[in-house]
file model20.txt (compact mmCIF, C-alpha atoms)
# COMPACT_ATOMS: atom_id res chain seq x y z
CA MET A 43 10.19 -28.94 36.20
CA ASN A 44 12.21 -26.18 37.78
CA THR A 45 15.15 -24.86 35.78
CA GLU A 46 17.63 -22.11 36.55
CA LYS A 47 16.64 -18.89 34.80
CA THR A 48 19.83 -17.21 33.69
CA THR A 49 18.94 -14.81 30.87
CA LEU A 50 16.33 -12.10 30.51
CA TRP A 51 14.31 -14.15 28.04
CA ASP A 52 14.03 -17.26 30.24
CA GLY A 53 10.99 -15.95 32.07
CA GLY A 54 10.45 -14.86 35.64
CA LYS A 55 11.36 -11.25 34.97
CA SER A 56 10.70 -8.60 32.36
CA PRO A 57 13.01 -8.88 29.31
CA PHE A 58 13.16 -5.10 29.17
CA SER A 59 13.62 -4.61 32.93
CA VAL A 60 10.38 -2.65 33.20
CA ALA A 61 7.15 -3.21 35.06
CA TRP A 62 4.50 -4.92 32.94
CA GLY A 63 2.11 -1.97 33.18
CA LYS A 64 4.67 0.35 31.66
CA LEU A 65 5.43 -2.08 28.85
CA TYR A 66 1.70 -2.38 28.09
CA MET A 67 1.42 1.39 27.97
CA TRP A 68 4.35 1.69 25.57
CA ILE A 69 2.92 -0.95 23.24
CA PHE A 70 -0.46 0.77 23.29
CA LEU A 71 1.22 4.08 22.48
CA LEU A 72 3.07 2.47 19.60
CA SER A 73 -0.24 1.34 18.09
CA ASP A 74 -1.76 4.75 18.71
CA ALA A 75 1.24 6.37 17.02
CA PHE A 76 0.49 4.25 13.96
CA THR A 77 -3.11 5.47 13.95
CA PHE A 78 -2.05 9.11 14.08
CA SER A 79 0.68 8.54 11.50
CA SER A 80 -1.88 7.11 9.09
CA LEU A 81 -4.20 10.07 9.63
CA LEU A 82 -1.41 12.59 9.06
CA ILE A 83 -0.05 10.76 6.03
CA SER A 84 -3.47 10.65 4.38
CA TYR A 85 -3.78 14.35 5.17
CA GLY A 86 -0.45 14.82 3.37
CA VAL A 87 -1.79 13.02 0.29
CA LEU A 88 -4.77 15.39 0.00
CA ARG A 89 -2.54 18.35 0.78
CA HIS A 90 -0.50 17.36 -2.28
CA LYS A 91 -3.52 16.63 -4.42
CA TYR A 92 -5.03 20.08 -3.83
CA ALA A 93 -1.67 21.85 -3.42
CA GLU A 94 -2.59 25.05 -5.32
CA VAL A 95 -6.00 25.55 -3.73
CA TRP A 96 -5.23 24.38 -0.19
CA PRO A 97 -5.78 27.20 2.32
CA LYS A 98 -2.90 28.69 4.26
CA ALA A 99 -3.30 28.05 7.98
CA SER A 100 -2.03 31.52 8.83
CA ASP A 101 -4.97 33.00 6.87
CA VAL A 102 -7.52 30.71 8.50
CA PHE A 103 -6.39 30.71 12.14
CA GLY A 104 -5.51 34.30 12.93
CA HIS A 105 -7.72 35.19 15.87
CA PHE A 106 -6.72 35.76 19.45
CA PRO A 107 -9.05 36.04 22.47
CA PHE A 108 -9.92 39.64 23.43
CA PHE A 109 -8.36 40.96 20.23
CA GLY A 110 -11.61 40.78 18.26
CA GLU A 111 -11.27 40.59 14.51
CA GLN A 112 -7.61 41.65 14.50
CA HIS A 113 -5.50 39.26 12.43
CA ILE A 114 -2.63 37.81 14.51
CA PRO A 115 -1.62 34.66 12.65
CA LEU A 116 -0.35 31.57 14.50
CA ALA A 117 -0.22 33.38 17.86
CA TYR A 118 -3.04 31.52 19.53
CA VAL A 119 -2.00 28.08 18.35
CA GLY A 120 1.52 28.95 19.47
CA LEU A 121 0.13 29.67 22.93
CA MET A 122 -1.79 26.38 22.92
CA THR A 123 1.43 24.56 22.05
CA PHE A 124 3.20 26.36 24.89
CA ILE A 125 0.48 25.32 27.36
CA LEU A 126 0.66 21.69 26.28
CA ILE A 127 4.45 21.56 26.54
CA LEU A 128 4.22 23.19 29.97
CA SER A 129 1.68 20.60 31.11
CA SER A 130 4.09 17.92 29.91
CA VAL A 131 6.79 19.33 32.20
CA THR A 132 4.44 19.42 35.18
CA MET A 133 3.48 15.82 34.39
CA VAL A 134 7.09 14.63 34.27
CA LEU A 135 7.74 16.48 37.54
CA ALA A 136 4.84 14.53 39.07
CA VAL A 137 6.54 11.34 37.84
CA GLU A 138 9.80 12.51 39.40
CA ALA A 139 8.02 13.18 42.69
CA SER A 140 6.41 9.73 42.53
CA HIS A 141 9.87 8.12 42.49
CA ARG A 142 10.57 9.94 45.75
CA LYS A 143 7.14 8.87 47.04
CA SER A 144 6.35 12.49 47.86
CA LYS A 145 2.57 12.51 47.91
CA LYS A 146 2.27 16.26 48.37
CA GLU A 147 4.39 17.10 45.32
CA ILE A 148 2.57 14.54 43.19
CA LEU A 149 -0.73 16.21 44.06
CA ILE A 150 0.59 19.67 43.17
CA TRP A 151 2.16 18.74 39.84
CA LEU A 152 -0.68 16.46 38.78
CA SER A 153 -3.24 19.19 39.53
CA LEU A 154 -1.26 21.68 37.43
CA THR A 155 -1.17 19.15 34.60
CA ILE A 156 -4.94 18.84 34.73
CA VAL A 157 -5.31 22.63 34.66
CA GLY A 158 -3.02 22.77 31.61
CA GLY A 159 -5.11 20.09 29.91
CA PHE A 160 -8.33 22.02 30.50
CA PHE A 161 -6.70 25.18 29.14
CA PHE A 162 -5.72 23.29 26.02
CA ILE A 163 -9.12 21.78 25.21
CA GLY A 164 -10.76 25.07 26.10
CA SER A 165 -8.52 26.82 23.57
CA GLN A 166 -9.31 24.16 21.02
CA ALA A 167 -13.04 24.70 21.54
CA TRP A 168 -12.50 28.42 21.02
CA GLU A 169 -10.56 27.80 17.83
CA TRP A 170 -13.17 25.38 16.50
CA THR A 171 -15.88 27.94 17.20
CA HIS A 172 -14.08 30.55 15.14
CA PHE A 173 -13.48 28.08 12.34
CA ILE A 174 -17.15 27.02 12.30
CA ILE A 175 -18.51 30.58 12.38
CA GLY A 176 -16.00 31.86 9.82
CA SER A 177 -15.25 35.31 8.50
CA GLU A 178 -17.65 38.17 7.93
CA GLU A 179 -17.42 38.26 4.14
CA GLY A 180 -17.33 34.49 3.57
CA ALA A 181 -16.67 33.01 0.13
CA ILE A 182 -18.61 31.39 -2.68
CA HIS A 183 -18.97 27.74 -3.50
CA LEU A 184 -18.89 27.33 -7.29
CA THR A 185 -21.38 24.67 -8.34
CA LYS A 186 -21.18 25.05 -12.12
CA THR A 187 -18.52 27.07 -13.89
CA PRO A 188 -18.39 28.10 -17.60
CA ASP A 189 -15.48 25.78 -18.45
CA ASN A 190 -16.32 23.18 -15.76
CA LYS A 191 -12.77 23.51 -14.46
CA PHE A 192 -13.54 24.68 -10.93
CA ASN A 193 -16.81 22.91 -10.23
CA GLY A 194 -17.38 22.29 -6.55
CA MET A 195 -14.50 24.53 -5.47
CA ILE A 196 -14.28 27.65 -3.34
CA ALA A 197 -13.65 31.13 -4.78
CA HIS A 198 -12.94 34.22 -2.71
CA TRP A 199 -14.40 37.68 -3.20
CA ALA A 200 -12.12 40.14 -4.96
CA ASN A 201 -14.04 43.25 -3.80
CA PRO A 202 -16.23 44.18 -0.83
CA GLU A 203 -19.29 44.70 -3.10
CA LYS A 204 -19.13 40.98 -3.93
CA THR A 205 -19.31 41.49 -7.69
CA ALA A 206 -15.88 40.10 -8.65
CA ILE A 207 -14.10 36.93 -7.57
CA LEU A 208 -10.67 35.39 -7.39
CA LEU A 209 -10.66 31.95 -9.01
CA PRO A 210 -9.51 29.05 -6.81
CA ASP A 211 -6.07 29.17 -8.42
CA GLY A 212 -5.75 32.82 -7.37
CA SER A 213 -6.35 34.55 -10.73
CA PRO A 214 -8.60 37.62 -10.46
CA LEU A 215 -11.64 38.15 -12.66
CA THR A 216 -13.43 41.38 -13.61
CA PRO A 217 -17.10 41.79 -12.55
CA GLN A 218 -18.23 40.95 -16.12
CA GLN A 219 -16.17 37.76 -16.16
CA SER A 220 -17.31 36.88 -12.65
CA ALA A 221 -21.05 37.15 -13.36
CA PRO A 222 -21.53 33.64 -14.87
CA TYR A 223 -19.56 32.15 -11.99
CA ILE A 224 -21.58 33.98 -9.33
CA ALA A 225 -24.88 33.10 -11.03
CA ASN A 226 -24.28 29.40 -10.40
CA ALA A 227 -22.83 29.53 -6.93
CA GLU A 228 -23.85 29.75 -3.32
CA GLU A 229 -22.37 31.82 -0.54
CA VAL A 230 -20.56 30.01 2.24
CA THR A 231 -19.44 31.25 5.61
CA GLY A 232 -17.46 29.25 8.13
CA ALA A 233 -16.87 25.54 8.00
CA ASN A 234 -18.70 22.26 8.43
CA LEU A 235 -18.04 18.73 7.26
CA GLU A 236 -19.55 19.32 3.81
CA VAL A 237 -18.19 22.69 2.79
CA ASN A 238 -15.99 25.47 4.14
CA GLU A 239 -15.17 28.97 2.98
CA TYR A 240 -11.41 28.42 2.99
CA GLY A 241 -10.88 25.68 0.40
CA PRO A 242 -11.58 22.02 -0.40
CA PRO A 243 -14.09 20.29 1.94
CA MET A 244 -11.31 17.89 2.90
CA PHE A 245 -9.50 20.76 4.62
CA GLY A 246 -12.34 21.11 7.12
CA ASP A 247 -12.89 17.36 7.40
CA TYR A 248 -9.28 16.68 8.28
CA PHE A 249 -9.03 19.64 10.61
CA PHE A 250 -12.08 18.49 12.56
CA GLY A 251 -11.11 14.83 12.34
CA VAL A 252 -7.48 15.00 13.40
CA THR A 253 -7.59 17.84 15.90
CA GLY A 254 -10.80 16.32 17.26
CA PHE A 255 -9.20 12.90 17.65
CA HIS A 256 -6.24 14.53 19.36
CA GLY A 257 -8.50 16.65 21.55
CA PHE A 258 -10.35 13.50 22.56
CA HIS A 259 -7.01 12.03 23.64
CA VAL A 260 -6.35 15.13 25.74
CA PHE A 261 -9.82 14.84 27.24
CA SER A 262 -9.28 11.15 28.10
CA GLY A 263 -5.91 12.08 29.58
CA ILE A 264 -7.57 14.68 31.82
CA VAL A 265 -10.17 12.16 33.00
CA ILE A 266 -7.49 9.56 33.75
CA ASN A 267 -5.35 12.17 35.53
CA ILE A 268 -8.30 13.22 37.69
CA ILE A 269 -9.02 9.60 38.65
CA VAL A 270 -5.37 9.04 39.60
CA LEU A 271 -5.30 12.36 41.46
CA ILE A 272 -8.23 11.21 43.61
CA LEU A 273 -6.56 7.84 44.21
CA VAL A 274 -3.31 9.53 45.27
CA TRP A 275 -5.27 11.92 47.48
CA ASN A 276 -6.91 8.94 49.19
CA GLY A 277 -3.52 7.33 49.70
CA ALA A 278 -4.29 4.32 47.50
CA PHE A 279 -0.64 3.98 46.49
CA ASN A 280 0.83 4.54 49.91
CA LYS A 281 -0.56 1.16 50.91
CA LYS A 282 1.11 -0.54 47.95
CA GLY A 283 4.22 1.63 48.21
CA ASN A 284 4.27 1.73 44.41
CA TYR A 285 3.53 4.78 42.30
CA GLY A 286 4.10 3.02 38.95
CA ILE A 287 0.71 4.16 37.68
CA ILE A 288 1.86 7.80 37.73
CA GLU A 289 4.60 6.84 35.32
CA ASN A 290 2.13 5.08 33.04
CA ILE A 291 -0.31 7.97 32.85
CA GLY A 292 2.72 10.25 32.42
CA LEU A 293 3.72 8.29 29.32
CA TYR A 294 0.21 8.71 27.93
CA TRP A 295 0.23 12.44 28.60
CA HIS A 296 3.61 12.96 26.95
CA PHE A 297 2.42 10.98 23.97
CA VAL A 298 -0.50 13.38 23.58
CA ASP A 299 2.01 16.24 23.64
CA LEU A 300 4.16 14.40 21.11
CA VAL A 301 1.23 13.97 18.74
CA TRP A 302 0.40 17.65 19.04
CA VAL A 303 3.95 18.52 17.94
CA PHE A 304 3.25 16.69 14.68
CA VAL A 305 -0.31 17.97 14.28
CA PHE A 306 0.96 21.53 14.83
CA THR A 307 3.57 21.12 12.09
CA CYS A 308 1.25 19.44 9.59
CA PHE A 309 -1.83 21.62 10.06
CA TYR A 310 -0.45 25.00 10.99
CA LEU A 311 3.11 25.37 9.71
CA VAL A 312 3.48 23.44 6.46
CA MET B 193 10.28 -10.37 41.78
CA GLU B 194 12.46 -8.47 44.21
CA THR B 195 15.43 -8.38 41.83
CA ASN B 196 13.09 -7.18 39.10
CA GLN B 197 11.98 -4.27 41.23
CA ALA B 198 15.61 -3.46 42.05
CA THR B 199 16.68 -3.19 38.39
CA HIS B 200 13.55 -1.20 37.72
CA ASP B 201 14.38 1.40 40.37
CA ASP B 202 18.02 1.38 39.39
CA ALA B 203 17.26 2.43 35.82
CA HIS B 204 15.44 5.45 37.19
CA SER B 205 17.98 6.85 39.57
CA HIS B 206 18.98 9.17 36.66
CA ASN B 207 15.46 10.50 36.52
CA VAL B 208 15.16 11.56 40.16
CA GLY B 209 16.63 14.44 42.13
CA PRO B 210 17.54 18.11 41.64
CA SER B 211 19.80 17.57 38.61
CA ALA B 212 17.08 15.51 36.90
CA ARG B 213 14.55 18.28 37.54
CA LYS B 214 16.92 20.89 36.16
CA ARG B 215 17.40 18.80 33.01
CA LEU B 216 13.63 18.55 32.52
CA TRP B 217 13.27 22.33 32.68
CA ASN B 218 16.13 22.70 30.22
CA VAL B 219 14.28 20.40 27.82
CA PHE B 220 11.18 22.54 28.28
CA TRP B 221 13.04 25.74 27.36
CA LEU B 222 14.57 24.05 24.35
CA LEU B 223 11.15 22.87 23.12
CA LEU B 224 9.75 26.34 23.64
CA VAL B 225 12.56 28.04 21.74
CA ILE B 226 12.23 25.60 18.84
CA THR B 227 8.48 26.26 18.68
CA LEU B 228 9.05 30.02 18.64
CA VAL B 229 11.66 29.67 15.90
CA GLU B 230 9.20 27.60 13.87
CA VAL B 231 6.45 30.19 14.21
CA GLY B 232 8.97 32.90 13.27
CA LEU B 233 10.15 30.97 10.23
CA ALA B 234 6.57 30.72 8.97
CA PHE B 235 6.70 34.47 8.26
CA THR B 236 10.03 34.51 6.43
CA PRO B 237 10.11 34.53 2.63
CA LEU B 238 12.32 31.43 2.47
CA ASN B 239 11.90 28.85 -0.26
CA LYS B 240 8.80 26.73 0.43
CA ASP B 241 10.55 23.36 0.13
CA LEU B 242 13.37 24.49 2.41
CA LEU B 243 10.82 25.66 4.97
CA ILE B 244 8.98 22.33 4.89
CA ALA B 245 12.27 20.48 5.39
CA LEU B 246 13.16 22.79 8.30
CA PHE B 247 9.73 22.38 9.93
CA PHE B 248 9.88 18.59 9.80
CA GLY B 249 13.51 18.62 10.94
CA PHE B 250 12.62 20.73 13.99
CA THR B 251 9.58 18.54 14.64
CA LEU B 252 11.74 15.42 14.75
CA VAL B 253 14.18 17.15 17.12
CA LYS B 254 11.28 18.05 19.44
CA ALA B 255 9.93 14.49 19.19
CA TYR B 256 13.35 13.13 20.14
CA TYR B 257 13.56 15.27 23.26
CA ILE B 258 10.02 14.44 24.37
CA VAL B 259 10.52 10.70 23.91
CA ALA B 260 14.07 10.56 25.28
CA TYR B 261 13.71 12.85 28.32
CA PHE B 262 10.03 13.27 29.17
CA MET B 263 9.16 9.65 28.46
CA HIS B 264 12.55 8.47 29.77
CA LEU B 265 13.17 6.16 26.83
CA LYS B 266 16.84 7.11 26.98
CA THR B 267 17.21 5.42 30.38
CA GLU B 268 15.31 2.26 29.39
CA THR B 269 17.14 -0.73 27.97
CA LYS B 270 18.43 -0.46 24.40
CA GLU B 271 16.36 -3.49 23.41
CA MET B 272 13.17 -1.76 24.43
CA GLY B 273 14.16 1.39 22.55
CA TRP B 274 14.69 -0.56 19.35
CA MET B 275 11.50 -2.52 19.81
CA LEU B 276 9.56 0.74 19.95
CA ILE B 277 11.44 2.74 17.31
CA GLY B 278 12.01 -0.10 14.82
CA PRO B 279 8.41 -0.46 13.58
CA PHE B 280 8.50 3.13 12.30
CA ILE B 281 10.36 1.80 9.28
CA PHE B 282 6.86 0.91 8.03
CA ILE B 283 5.71 4.48 8.58
CA ILE B 284 8.67 5.82 6.61
CA TYR B 285 7.83 3.41 3.80
CA PHE B 286 4.17 4.49 4.00
CA ILE B 287 5.13 8.18 3.78
CA ILE B 288 7.23 7.64 0.65
CA LEU B 289 4.52 5.51 -0.94
CA MET B 290 1.71 7.96 -0.21
CA LEU B 291 3.61 11.08 -1.25
CA TYR B 292 4.08 9.43 -4.60
CA GLN B 293 0.34 8.77 -4.63
CA GLY B 294 -0.37 12.38 -3.71
CA VAL B 295 1.67 13.69 -6.62
CA ALA B 296 -0.19 11.35 -9.00
CA LEU B 297 -3.58 12.52 -7.66
CA HIS B 298 -2.50 16.12 -8.13
CA HIS B 299 -1.63 15.36 -11.73
CA ASP B 300 -5.03 13.74 -12.32
CA PHE B 301 -6.83 16.65 -10.71
CA PHE B 302 -5.02 19.65 -12.15
CA GLY B 303 -3.54 18.09 -15.26
CA PHE B 304 0.05 19.16 -14.53

call {"tool": "encode", "arguments": {"input": "model20.txt", "output": "structure tokens"}}
result
Amino acid sequence: MNTEKTTLWDGGKSPFSVAWGKLYMWIFLLSDAFTFSSLLISYGVLRHKYAEVWPKASDVFGHFPFFGEQHIPLAYVGLMTFILILSSVTMVLAVEASHRKSKKEILIWLSLTIVGGFFFIGSQAWEWTHFIIGSEEGAIHLTKTPDNKFNGMIAHWANPEKTAILLPDGSPLTPQQSAPYIANAEEVTGANLEVNEYGPPMFGDYFFGVTGFHGFHVFSGIVINIIVLILVWNGAFNKKGNYGIIENIGLYWHFVDLVWVFVFTCFYLV
Amino acid sequence: METNQATHDDAHSHNVGPSARKRLWNVFWLLLVITLVEVGLAFTPLNKDLLIALFFGFTLVKAYYIVAYFMHLKTETKEMGWMLIGPFIFIIYFIILMLYQGVALHHDFFGF
């Protein structure tokens, strides 16, 4: 039976006036946004649980390439954020060029986006390396404490001779008071999934988990961008006269930028 | 299918051309300035709760500009916008629920 289709919802055309590929991408991004939201919300729960002993990001991430051990808090992550936002602009300019079917401009902007992406994951690898290696003095992991109050937690050294400690809640102890704590503790430097010198193990776990999951998204984005770059180069879309795929990968790339905006706030600022 | 393609291209005439490119760069500068302000605020001795509120406020502003201008949601149909934004009511509910949980866990752990 053939009936006249008069409204958007009668079939035959997209109810949202968009190509199906773009709608699919948006729905995928919505589900991905839920995944990231859940990760960040559970991070927030632990952040609240360990509020007093949670490390400050500006103390942990204060290194900058070529500046050695100098402490420049938040500068490098600020630069990473800048690079990712910039790569988002180059991506959206590639999308703009695709609407004008300008192959040359698409190639330029898409290549710059890929370069930005590599810069970002390279920076992330650098930051992870510093986090894993840790500081020179390290900290101690209290296994059994006199009053059992801080078992399993991290205490920092109060002096360079490593005879006195600051309890996890920040209160300083004299060397005499510190001795029973130090006797039942082990030294920790850097971070892994079981323990880290900065605070609760969950701090390291979530840092690796969430920034890693985000970094994996960036990496996938780079791979997809490279594939599309090659296809554009070969003129695959000239034949179809349709550059819709650039818009779809653009949406994915902006989403990765969007997630970073939230990760940056949750992990580095708050 | 031809009419479909026509409406599709029509919705994007705002997103093409010199003025569209200029707008995209303006959004970029805005995002950059907000990020710099955020990093600057992290070193001010403002009240912690006020800072957290400011950080999340700025984050939502940045998110709005990315979604509206970089992802062009502003020039899509309203129906599609609501379809994509609406479900976040569950996330808001989840945040409230889990913050409550976080405070309770803190109480269990520290005893205050």

call {"tool": "residues_around", "arguments": {"input": "model20.txt", "residues": "Leu233 in chain B", "least_positions_apart": "5", "cutoff": "10 Å", "atoms": "only C-alpha atoms", "output": "JSON, numbers by chain"}}
result
{"A": [311], "B": [227, 228, 238, 243, 246, 247]}

call {"tool": "write_last_selection", "arguments": {"input": "model20.txt", "atoms": "C-alpha atoms", "output": "short mmCIF file (atom, residue, chain, number, x, y, z; two decimals), in the coordinates of the input"}}
result
data_model
loop_
_atom_site.label_atom_id
_atom_site.label_comp_id
_atom_site.auth_asym_id
_atom_site.auth_seq_id
_atom_site.Cartn_x
_atom_site.Cartn_y
_atom_site.Cartn_z
CA LEU A 311 3.11 25.37 9.71
CA THR B 227 8.48 26.26 18.68
CA LEU B 228 9.05 30.02 18.64
CA LEU B 238 12.32 31.43 2.47
CA LEU B 243 10.82 25.66 4.97
CA LEU B 246 13.16 22.79 8.30
CA PHE B 247 9.73 22.38 9.93
#

call {"tool": "closest_atom_pairs", "arguments": {"input": "model20.txt", "of": "range 256-280 of chain A", "to": "range 153-158 of chain A", "cutoff": "10 Å", "atoms": "only C-alpha atoms", "output": "JSON lines"}}
result
{"residue": "A:Val260", "atom": "CA", "partner": "A:Ile156", "partner_atom": "CA", "distance": 9.8}
{"residue": "A:Phe261", "atom": "CA", "partner": "A:Ile156", "partner_atom": "CA", "distance": 9.8}
{"residue": "A:Gly263", "atom": "CA", "partner": "A:Ile156", "partner_atom": "CA", "distance": 8.6}
{"residue": "A:Ile264", "atom": "CA", "partner": "A:Ile156", "partner_atom": "CA", "distance": 5.7}
{"residue": "A:Val265", "atom": "CA", "partner": "A:Ile156", "partner_atom": "CA", "distance": 8.7}
{"residue": "A:Ile266", "atom": "CA", "partner": "A:Ile156", "partner_atom": "CA", "distance": 9.7}
{"residue": "A:Asn267", "atom": "CA", "partner": "A:Ile156", "partner_atom": "CA", "distance": 6.7}
{"residue": "A:Ile268", "atom": "CA", "partner": "A:Ile156", "partner_atom": "CA", "distance": 7.2}
{"residue": "A:Leu271", "atom": "CA", "partner": "A:Ser153", "partner_atom": "CA", "distance": 7.4}

call {"tool": "closest_residue", "arguments": {"input": "model20.txt", "among": "A:Glu239, A:Asp101, A:Asp299, A:Glu179", "to": "chain B", "atoms": "all atoms listed in the file"}}
result
A:Asp299

call {"tool": "residues_around", "arguments": {"input": "model20.txt", "residues": "range 284-300 of chain B", "least_positions_apart": "6", "cutoff": "9 Å", "atoms": "only C-alpha atoms", "output": "list of chain:residue names"}}
result
A:Ser79, A:Ser80, A:Ile83, A:Ser84, A:Gly86, A:Val87, A:Leu88, A:Arg89, A:His90, A:Lys91, A:Tyr92, A:Ala93

call {"tool": "interface_residues", "arguments": {"input": "model20.txt", "of": "chain A", "to": "chain B", "cutoff": "7 Å", "atoms": "all atoms listed in the file", "output": "JSON list (two decimals) with C-alpha atoms, in the frame of the given file"}}
result
[["chain", "number", "residue", "atom", "x", "y", "z"],
["A", 55, "LYS", "CA", 11.36, -11.25, 34.97],
["A", 58, "PHE", "CA", 13.16, -5.10, 29.17],
["A", 59, "SER", "CA", 13.62, -4.61, 32.93],
["A", 60, "VAL", "CA", 10.38, -2.65, 33.20],
["A", 72, "LEU", "CA", 3.07, 2.47, 19.60],
["A", 83, "ILE", "CA", -0.05, 10.76, 6.03],
["A", 87, "VAL", "CA", -1.79, 13.02, 0.29],
["A", 88, "LEU", "CA", -4.77, 15.39, 0.00],
["A", 90, "HIS", "CA", -0.50, 17.36, -2.28],
["A", 91, "LYS", "CA", -3.52, 16.63, -4.42],
["A", 92, "TYR", "CA", -5.03, 20.08, -3.83],
["A", 116, "LEU", "CA", -0.35, 31.57, 14.50],
["A", 124, "PHE", "CA", 3.20, 26.36, 24.89],
["A", 131, "VAL", "CA", 6.79, 19.33, 32.20],
["A", 134, "VAL", "CA", 7.09, 14.63, 34.27],
["A", 138, "GLU", "CA", 9.80, 12.51, 39.40],
["A", 141, "HIS", "CA", 9.87, 8.12, 42.49],
["A", 293, "LEU", "CA", 3.72, 8.29, 29.32],
["A", 296, "HIS", "CA", 3.61, 12.96, 26.95],
["A", 300, "LEU", "CA", 4.16, 14.40, 21.11],
["A", 303, "VAL", "CA", 3.95, 18.52, 17.94],
["A", 304, "PHE", "CA", 3.25, 16.69, 14.68],
["A", 307, "THR", "CA", 3.57, 21.12, 12.09],
["A", 311, "LEU", "CA", 3.11, 25.37, 9.71],
["A", 312, "VAL", "CA", 3.48, 23.44, 6.46]]

call {"tool": "closest_residue", "arguments": {"input": "model20.txt", "among": "A:His172, A:Ser165, A:Lys145, A:Tyr85", "to": "Ala278 in chain A", "atoms": "only C-alpha atoms"}}
result
A:Lys145

call {"tool": "atom_distance", "arguments": {"input": "model20.txt", "atom1": "CA of Tyr240 in chain A", "atom2": "CA of Asn193 in chain A"}}
result
15.3 Å

call {"tool": "closest_residue", "arguments": {"input": "model20.txt", "among": "A:Gly120, A:Gly104, A:Gly277, A:Gly164", "to": "Ile226 in chain B", "atoms": "all atoms listed in the file"}}
result
A:Gly120

call {"tool": "closest_residue", "arguments": {"input": "model20.txt", "among": "A:Asn238, A:Thr216, A:Ser129, A:Ser144", "to": "Gly176 in chain A", "atoms": "all atoms listed in the file"}}
result
A:Asn238

call {"tool": "decode", "arguments": {"input": "model20.txt", "residues": "range 249-262 of chain B", "atoms": "N, CA and C atoms", "output": "PDB file, in the first residue's frame"}}
result
ATOM      1  N   GLY B 249      30.825  25.576  36.879  1.00  0.00           N
ATOM      2  CA  GLY B 249      30.094  26.541  36.063  1.00  0.00           C
ATOM      3  C   GLY B 249      30.815  26.815  34.754  1.00  0.00           C
ATOM      4  N   PHE B 250      32.125  27.107  34.855  1.00  0.00           N
ATOM      5  CA  PHE B 250      32.928  27.370  33.650  1.00  0.00           C
ATOM      6  C   PHE B 250      32.970  26.151  32.741  1.00  0.00           C
ATOM      7  N   THR B 251      33.057  24.967  33.359  1.00  0.00           N
ATOM      8  CA  THR B 251      33.103  23.731  32.567  1.00  0.00           C
ATOM      9  C   THR B 251      31.831  23.571  31.740  1.00  0.00           C
ATOM     10  N   LEU B 252      30.689  23.879  32.368  1.00  0.00           N
ATOM     11  CA  LEU B 252      29.423  23.751  31.632  1.00  0.00           C
ATOM     12  C   LEU B 252      29.337  24.778  30.510  1.00  0.00           C
ATOM     13  N   VAL B 253      29.876  25.981  30.751  1.00  0.00           N
ATOM     14  CA  VAL B 253      29.889  26.994  29.689  1.00  0.00           C
ATOM     15  C   VAL B 253      30.725  26.493  28.507  1.00  0.00           C
ATOM     16  N   LYS B 254      31.920  25.940  28.816  1.00  0.00           N
ATOM     17  CA  LYS B 254      32.773  25.416  27.750  1.00  0.00           C
ATOM     18  C   LYS B 254      32.059  24.290  27.009  1.00  0.00           C
ATOM     19  N   ALA B 255      31.411  23.393  27.774  1.00  0.00           N
ATOM     20  CA  ALA B 255      30.691  22.268  27.155  1.00  0.00           C
ATOM     21  C   ALA B 255      29.618  22.797  26.214  1.00  0.00           C
ATOM     22  N   TYR B 256      28.904  23.839  26.657  1.00  0.00           N
ATOM     23  CA  TYR B 256      27.853  24.407  25.806  1.00  0.00           C
ATOM     24  C   TYR B 256      28.437  24.887  24.481  1.00  0.00           C
ATOM     25  N   TYR B 257      29.531  25.631  24.543  1.00  0.00           N
ATOM     26  CA  TYR B 257      30.096  26.170  23.300  1.00  0.00           C
ATOM     27  C   TYR B 257      30.637  25.069  22.386  1.00  0.00           C
ATOM     28  N   ILE B 258      31.224  24.032  22.962  1.00  0.00           N
ATOM     29  CA  ILE B 258      31.722  22.935  22.122  1.00  0.00           C
ATOM     30  C   ILE B 258      30.550  22.241  21.423  1.00  0.00           C
ATOM     31  N   VAL B 259      29.512  21.927  22.211  1.00  0.00           N
ATOM     32  CA  VAL B 259      28.386  21.182  21.634  1.00  0.00           C
ATOM     33  C   VAL B 259      27.602  22.055  20.648  1.00  0.00           C
ATOM     34  N   ALA B 260      27.366  23.305  21.012  1.00  0.00           N
ATOM     35  CA  ALA B 260      26.521  24.164  20.171  1.00  0.00           C
ATOM     36  C   ALA B 260      27.230  24.580  18.889  1.00  0.00           C
ATOM     37  N   TYR B 261      28.520  24.952  18.968  1.00  0.00           N
ATOM     38  CA  TYR B 261      29.194  25.521  17.795  1.00  0.00           C
ATOM     39  C   TYR B 261      30.134  24.559  17.084  1.00  0.00           C
ATOM     40  N   PHE B 262      30.936  23.795  17.859  1.00  0.00           N
ATOM     41  CA  PHE B 262      31.835  22.860  17.181  1.00  0.00           C
ATOM     42  C   PHE B 262      31.053  21.652  16.652  1.00  0.00           C
TER      43      PHE B 262
END
